[in-house]
Protein chains: 2
Amino acid sequence: MNHLKDYNRISPAVIKRLPRYKRYLSDLRKKGIERVSSGKLGELMGCTASQIRQDLNNFGGFGQQGYGYNVAALSEEIDGILGLAKNYKLVIIGVGNLGRAVHNYVSAYNKEYTIGAIFDVNPDIIGTNVGTHTILDVSQLPAHLSENKVDIGIITTTLDGAQEIANLLVNGGVGGIWNFAPLDLEVPEEIAITSVHISDSLQELTFYINNGNNL
Amino acid sequence: MNHLKDYNRISPAVIKRLPRYKRYLSDLRKKGIERVSSGKLGELMGCTASQIRQDLNNFGGFGQQGYGYNVAALSEEIDGILGLAKNYKLVIIGVGNLGRAVHNYVSAYNKEYTIGAIFDVNPDIIGTNVGTHTILDVSQLPAHLSENKVDIGIITTTLDGAQEIANLLVNGGVGGIWNFAPLDLEVPEEIAITSVHISDSLQELTFYINNGNNL
DNA sequence: TAGATTGTTAATCGATTAACAATC
DNA sequence: TAGATTGTTAATCGATTAACAATC
């Protein structure tokens, strides 16, 4: 399925664009469109055909001259590249509104991601249910990690204590951390980490409101 | 306060880093550290001193040779650049868990952002309260926009209908849109828009879990 | 004054776009 | 076959880093 190139040398800018390609392809698929050229896709996405071809050719030659790309096939290739063919076990730490939103969101996946357990520090909600999960005390996190293989730890706590949670996750052997707390966590470099910095995003928007959009 | 250069020509990469500088400076401030050199800050942030000086000099010369930067003063300069000295009126459309999380988050600001009204389509929650706000029917959004100056519309709905909400916001004269729905909204180019693509972020993380971190 | 560190120019590096031969 | 469109190399553009004179 994937052409076994050296994915480590591929620019982060390219990787960041893959989910976006996936969104547009899934859109085309819904509309029943079978094939698309880099030219047409570039028009839809607001980027150059050249960029699309360059990006995809990092991973393999998925197109066909004179035809373009098969939408369904390309979409599946991208899933393969991203690693969405596998299943990942998750834990969520912090079950406030944001944690619940992420819980809902991830629960909608039927294959790729499975929530193993959810944790909080607030005694008022520990023991209550969210969907099919019961909120556990965060003190049980290390035990859970040692008894279960967990791929991704999701941090939806506030700033305070987020680094300590990250340490527990790292020591518990997770493969990656999905961080929503407003700080840059320090983790060993073999641990993958992606942060969603919500407040940064609002401040960026504020700049562009005052200074005209990114053109 | 700001040195009135042409902020429109500044690279988006620089703008994206400003909130991050702000976070580190506020951290130093909390620790009671008064001054910092680009060298020391670069060490903390994991970037070059050169980049920090280049970034800041897009906006003005905030440092002093032989001394470095005054933490508090630089922090306030960055606030000014981002436009955080003003107050912005917001509306939130979509009061599920994500909308509530954003509501909480924004409510914590005391000066910069003020929530004017919140909207949803779900009759079960319309009329109920979130903090001091009563959830309004989304059909009342156009009227609200014509009666109130709204700076930022926050879209925390699902994919379906998000573009229609964006159209209402644009027609209602908002200055910018903060989008959490998993699509690229189409808006006129004079409208600032920043999206938080949560699902894209998880997929990016998944890639790095499988392929080693961004090094 | 001497040392430190900036502001800024020049050099390098990486990412995007253009061009075109290969080929379906 | 002729037309379309890819894969890929070369050219351009932009962003990062290095270097250093200016100066506090």
# chains A, B, ... in the order shown; residues from 1 in each chain; ligands from 1

$ residues_around --residues "DA10 in chain C" --least-positions-apart "2" --cutoff "10 Å" --atoms "only C-alpha atoms (C1' of nucleotides)" --output "VMD selection string"
(chain C and resid 8 12) or (chain D and resid 18 to 19)

$ calpha_fit_and_write --fixed "chain B" --moving "chain A" --output "short mmCIF file (atom, residue, chain, number, x, y, z; two decimals) with C-alpha atoms, in the first residue's frame"
data_model
loop_
_atom_site.label_atom_id
_atom_site.label_comp_id
_atom_site.auth_asym_id
_atom_site.auth_seq_id
_atom_site.Cartn_x
_atom_site.Cartn_y
_atom_site.Cartn_z
CA MET A 1 3.19 52.04 21.27
CA ASN A 2 3.58 50.30 17.96
CA HIS A 3 6.02 51.64 15.47
CA LEU A 4 3.66 51.83 12.52
CA LYS A 5 5.48 49.72 10.03
CA ASP A 6 3.63 47.99 7.27
CA TYR A 7 2.28 45.00 9.15
CA ASN A 8 0.69 43.66 5.98
CA ARG A 9 3.98 42.56 4.55
CA ILE A 10 5.02 40.54 7.56
CA SER A 11 5.24 36.82 7.01
CA PRO A 12 2.40 34.68 8.43
CA ALA A 13 5.07 32.48 10.04
CA VAL A 14 6.12 35.43 12.18
CA ILE A 15 2.55 36.26 13.19
CA LYS A 16 1.94 32.66 14.20
CA ARG A 17 4.90 32.84 16.55
CA LEU A 18 3.78 35.98 18.38
CA PRO A 19 1.32 34.23 20.71
CA ARG A 20 4.07 31.78 21.58
CA TYR A 21 6.44 34.60 22.49
CA LYS A 22 3.64 36.01 24.59
CA ARG A 23 3.30 32.72 26.49
CA TYR A 24 6.98 32.49 27.27
CA LEU A 25 7.22 36.11 28.30
CA SER A 26 4.23 35.78 30.58
CA ASP A 27 5.91 32.75 32.11
CA LEU A 28 9.11 34.70 32.75
CA ARG A 29 7.06 37.52 34.22
CA LYS A 30 5.36 35.12 36.64
CA LYS A 31 8.78 33.94 37.72
CA GLY A 32 9.76 37.53 38.44
CA ILE A 33 12.39 37.67 35.71
CA GLU A 34 12.81 41.24 34.50
CA ARG A 35 15.06 40.98 31.49
CA VAL A 36 15.91 38.38 28.91
CA SER A 37 18.32 38.23 25.99
CA SER A 38 17.41 36.73 22.62
CA GLY A 39 20.01 34.06 23.38
CA LYS A 40 18.39 33.02 26.64
CA LEU A 41 14.86 33.19 25.25
CA GLY A 42 15.91 31.14 22.23
CA GLU A 43 17.29 28.51 24.58
CA LEU A 44 13.99 28.34 26.46
CA MET A 45 11.88 28.24 23.33
CA GLY A 46 14.07 25.98 21.27
CA CYS A 47 14.76 28.41 18.48
CA THR A 48 17.67 30.60 17.40
CA ALA A 49 18.42 33.97 18.92
CA SER A 50 18.61 35.22 15.37
CA GLN A 51 15.03 34.26 14.65
CA ILE A 52 13.78 36.06 17.73
CA ARG A 53 15.63 39.25 16.84
CA GLN A 54 14.48 39.08 13.22
CA ASP A 55 10.89 38.46 14.27
CA LEU A 56 10.76 41.34 16.73
CA ASN A 57 12.49 43.76 14.41
CA ASN A 58 9.62 43.45 12.00
CA PHE A 59 7.68 45.55 14.49
CA GLY A 60 10.31 47.75 16.05
CA GLY A 61 13.51 47.78 18.05
CA PHE A 62 12.35 46.68 21.45
CA GLY A 63 15.70 45.64 22.85
CA GLN A 64 18.76 47.40 24.12
CA GLN A 65 22.31 46.47 23.20
CA GLY A 66 24.24 44.91 26.03
CA TYR A 67 21.04 44.42 28.05
CA GLY A 68 18.53 42.44 26.05
CA TYR A 69 14.78 42.86 26.32
CA ASN A 70 12.68 44.02 29.24
CA VAL A 71 10.23 41.19 29.78
CA ALA A 72 7.22 43.27 30.84
CA ALA A 73 7.75 45.92 28.18
CA LEU A 74 8.22 43.39 25.40
CA SER A 75 5.16 41.48 26.52
CA GLU A 76 3.10 44.64 26.30
CA GLU A 77 4.51 45.50 22.89
CA ILE A 78 3.41 42.10 21.64
CA ASP A 79 -0.06 42.62 23.11
CA GLY A 80 -0.19 45.89 21.22
CA ILE A 81 0.92 44.29 17.97
CA LEU A 82 -1.67 41.53 18.30
CA GLY A 83 -4.34 44.12 19.03
CA LEU A 84 -5.07 42.91 22.55
CA ALA A 85 -5.30 46.42 23.90
CA LYS A 86 -8.78 46.75 22.46
CA ASN A 87 -12.01 44.94 23.35
CA TYR A 88 -13.74 42.57 20.98
CA LYS A 89 -17.38 41.54 20.98
CA LEU A 90 -18.02 37.90 20.22
CA VAL A 91 -20.89 35.62 19.40
CA ILE A 92 -20.75 31.83 19.65
CA ILE A 93 -22.79 29.64 17.34
CA GLY A 94 -23.04 26.06 18.53
CA VAL A 95 -23.33 25.45 22.26
CA GLY A 96 -22.30 21.81 22.53
CA ASN A 97 -19.32 20.79 24.60
CA LEU A 98 -16.89 22.54 22.30
CA GLY A 99 -18.91 25.76 22.33
CA ARG A 100 -19.08 25.59 26.11
CA ALA A 101 -15.35 25.00 26.37
CA VAL A 102 -14.71 28.05 24.19
CA HIS A 103 -17.26 30.02 26.20
CA ASN A 104 -15.46 29.20 29.46
CA TYR A 105 -12.15 29.96 27.91
CA VAL A 106 -13.15 33.34 26.52
CA SER A 107 -15.05 34.32 29.66
CA ALA A 108 -11.78 34.12 31.57
CA TYR A 109 -10.54 37.19 29.70
CA ASN A 110 -11.51 40.26 31.64
CA LYS A 111 -10.81 42.95 29.09
CA GLU A 112 -9.95 41.77 25.61
CA TYR A 113 -12.96 39.69 24.66
CA THR A 114 -16.61 39.93 25.62
CA ILE A 115 -19.26 37.43 24.67
CA GLY A 116 -22.37 39.21 23.38
CA ALA A 117 -24.67 36.27 22.70
CA ILE A 118 -24.67 32.52 22.16
CA PHE A 119 -26.79 30.55 19.68
CA ASP A 120 -27.79 27.00 18.91
CA VAL A 121 -30.28 25.10 16.76
CA ASN A 122 -31.24 22.53 19.39
CA PRO A 123 -34.67 23.37 20.88
CA ASP A 124 -33.82 21.34 24.00
CA ILE A 125 -31.14 23.80 25.06
CA ILE A 126 -32.46 27.08 23.59
CA GLY A 127 -33.55 29.25 26.50
CA THR A 128 -31.23 27.56 29.00
CA ASN A 129 -28.26 29.37 30.50
CA VAL A 130 -24.53 29.03 30.12
CA GLY A 131 -22.83 31.26 32.63
CA THR A 132 -24.67 34.56 32.41
CA HIS A 133 -25.85 33.94 28.85
CA THR A 134 -29.11 32.47 27.65
CA ILE A 135 -28.87 30.32 24.56
CA LEU A 136 -30.75 31.94 21.68
CA ASP A 137 -32.24 30.32 18.62
CA VAL A 138 -29.83 30.63 15.71
CA SER A 139 -32.68 32.21 13.70
CA GLN A 140 -32.14 35.29 15.87
CA LEU A 141 -28.52 35.62 14.77
CA PRO A 142 -29.14 38.03 11.84
CA ALA A 143 -31.21 40.33 14.05
CA HIS A 144 -28.53 40.27 16.76
CA LEU A 145 -25.85 41.13 14.22
CA SER A 146 -27.79 44.03 12.80
CA GLU A 147 -28.51 45.46 16.25
CA ASN A 148 -25.02 44.95 17.69
CA LYS A 149 -21.53 45.50 16.42
CA VAL A 150 -19.91 42.08 16.57
CA ASP A 151 -16.19 41.70 15.95
CA ILE A 152 -15.77 37.95 15.95
CA GLY A 153 -18.15 35.11 15.17
CA ILE A 154 -17.15 31.77 16.67
CA ILE A 155 -18.38 28.69 14.85
CA THR A 156 -18.50 25.64 17.10
CA THR A 157 -21.15 23.78 15.17
CA THR A 158 -20.74 20.53 13.30
CA LEU A 159 -19.71 20.45 9.66
CA ASP A 160 -23.29 20.65 8.42
CA GLY A 161 -24.54 24.16 8.18
CA ALA A 162 -21.23 25.75 9.16
CA GLN A 163 -20.88 27.50 5.80
CA GLU A 164 -24.41 28.92 6.11
CA ILE A 165 -23.56 30.27 9.56
CA ALA A 166 -20.41 31.81 8.12
CA ASN A 167 -22.50 33.51 5.44
CA LEU A 168 -24.82 34.95 8.07
CA LEU A 169 -21.84 36.25 10.02
CA VAL A 170 -20.31 37.83 6.94
CA ASN A 171 -23.59 39.44 5.93
CA GLY A 172 -24.00 40.63 9.49
CA GLY A 173 -20.71 42.50 9.22
CA VAL A 174 -18.38 40.68 11.60
CA GLY A 175 -14.68 41.44 11.29
CA GLY A 176 -13.50 37.90 11.68
CA ILE A 177 -14.50 34.29 12.11
CA TRP A 178 -12.97 31.79 14.49
CA ASN A 179 -13.87 28.44 12.99
CA PHE A 180 -13.84 25.07 14.73
CA ALA A 181 -15.90 23.16 12.16
CA PRO A 182 -13.87 20.68 10.11
CA LEU A 183 -13.94 22.45 6.78
CA ASP A 184 -12.40 25.44 5.04
CA LEU A 185 -15.03 28.13 5.03
CA GLU A 186 -15.37 30.40 2.05
CA VAL A 187 -15.50 34.04 3.03
CA PRO A 188 -14.65 37.30 1.23
CA GLU A 189 -10.99 38.10 1.56
CA GLU A 190 -11.55 41.16 3.70
CA ILE A 191 -12.92 38.91 6.47
CA ALA A 192 -10.23 37.51 8.73
CA ILE A 193 -10.60 33.84 9.44
CA THR A 194 -8.65 31.41 11.55
CA SER A 195 -9.60 27.78 11.85
CA VAL A 196 -8.81 25.27 14.55
CA HIS A 197 -8.84 21.97 12.70
CA ILE A 198 -8.91 19.53 15.58
CA SER A 199 -9.22 16.42 13.44
CA ASP A 200 -6.33 17.47 11.20
CA SER A 201 -4.22 17.77 14.30
CA LEU A 202 -5.00 14.23 15.48
CA GLN A 203 -4.18 12.81 12.07
CA GLU A 204 -0.90 14.69 12.00
CA LEU A 205 -0.05 13.23 15.41
CA THR A 206 -0.93 9.77 14.13
CA PHE A 207 1.54 10.16 11.29
CA TYR A 208 4.33 11.10 13.68
CA ILE A 209 3.54 8.21 16.01
CA ASN A 210 4.18 5.90 13.09
CA ASN A 211 7.10 7.69 11.51
CA GLY A 212 9.13 9.24 14.27
CA ASN A 213 8.83 12.79 15.37
CA ASN A 214 9.50 15.83 13.22
CA LEU A 215 13.29 15.58 13.21
#

$ atom_distance --atom1 "C1' of DA15 in chain C" --atom2 "C1' of DT6 in chain D"
20.8 Å

$ atom_distance --atom1 "C1' of DA21 in chain D" --atom2 "C1' of DT1 in chain C"
18.3 Å
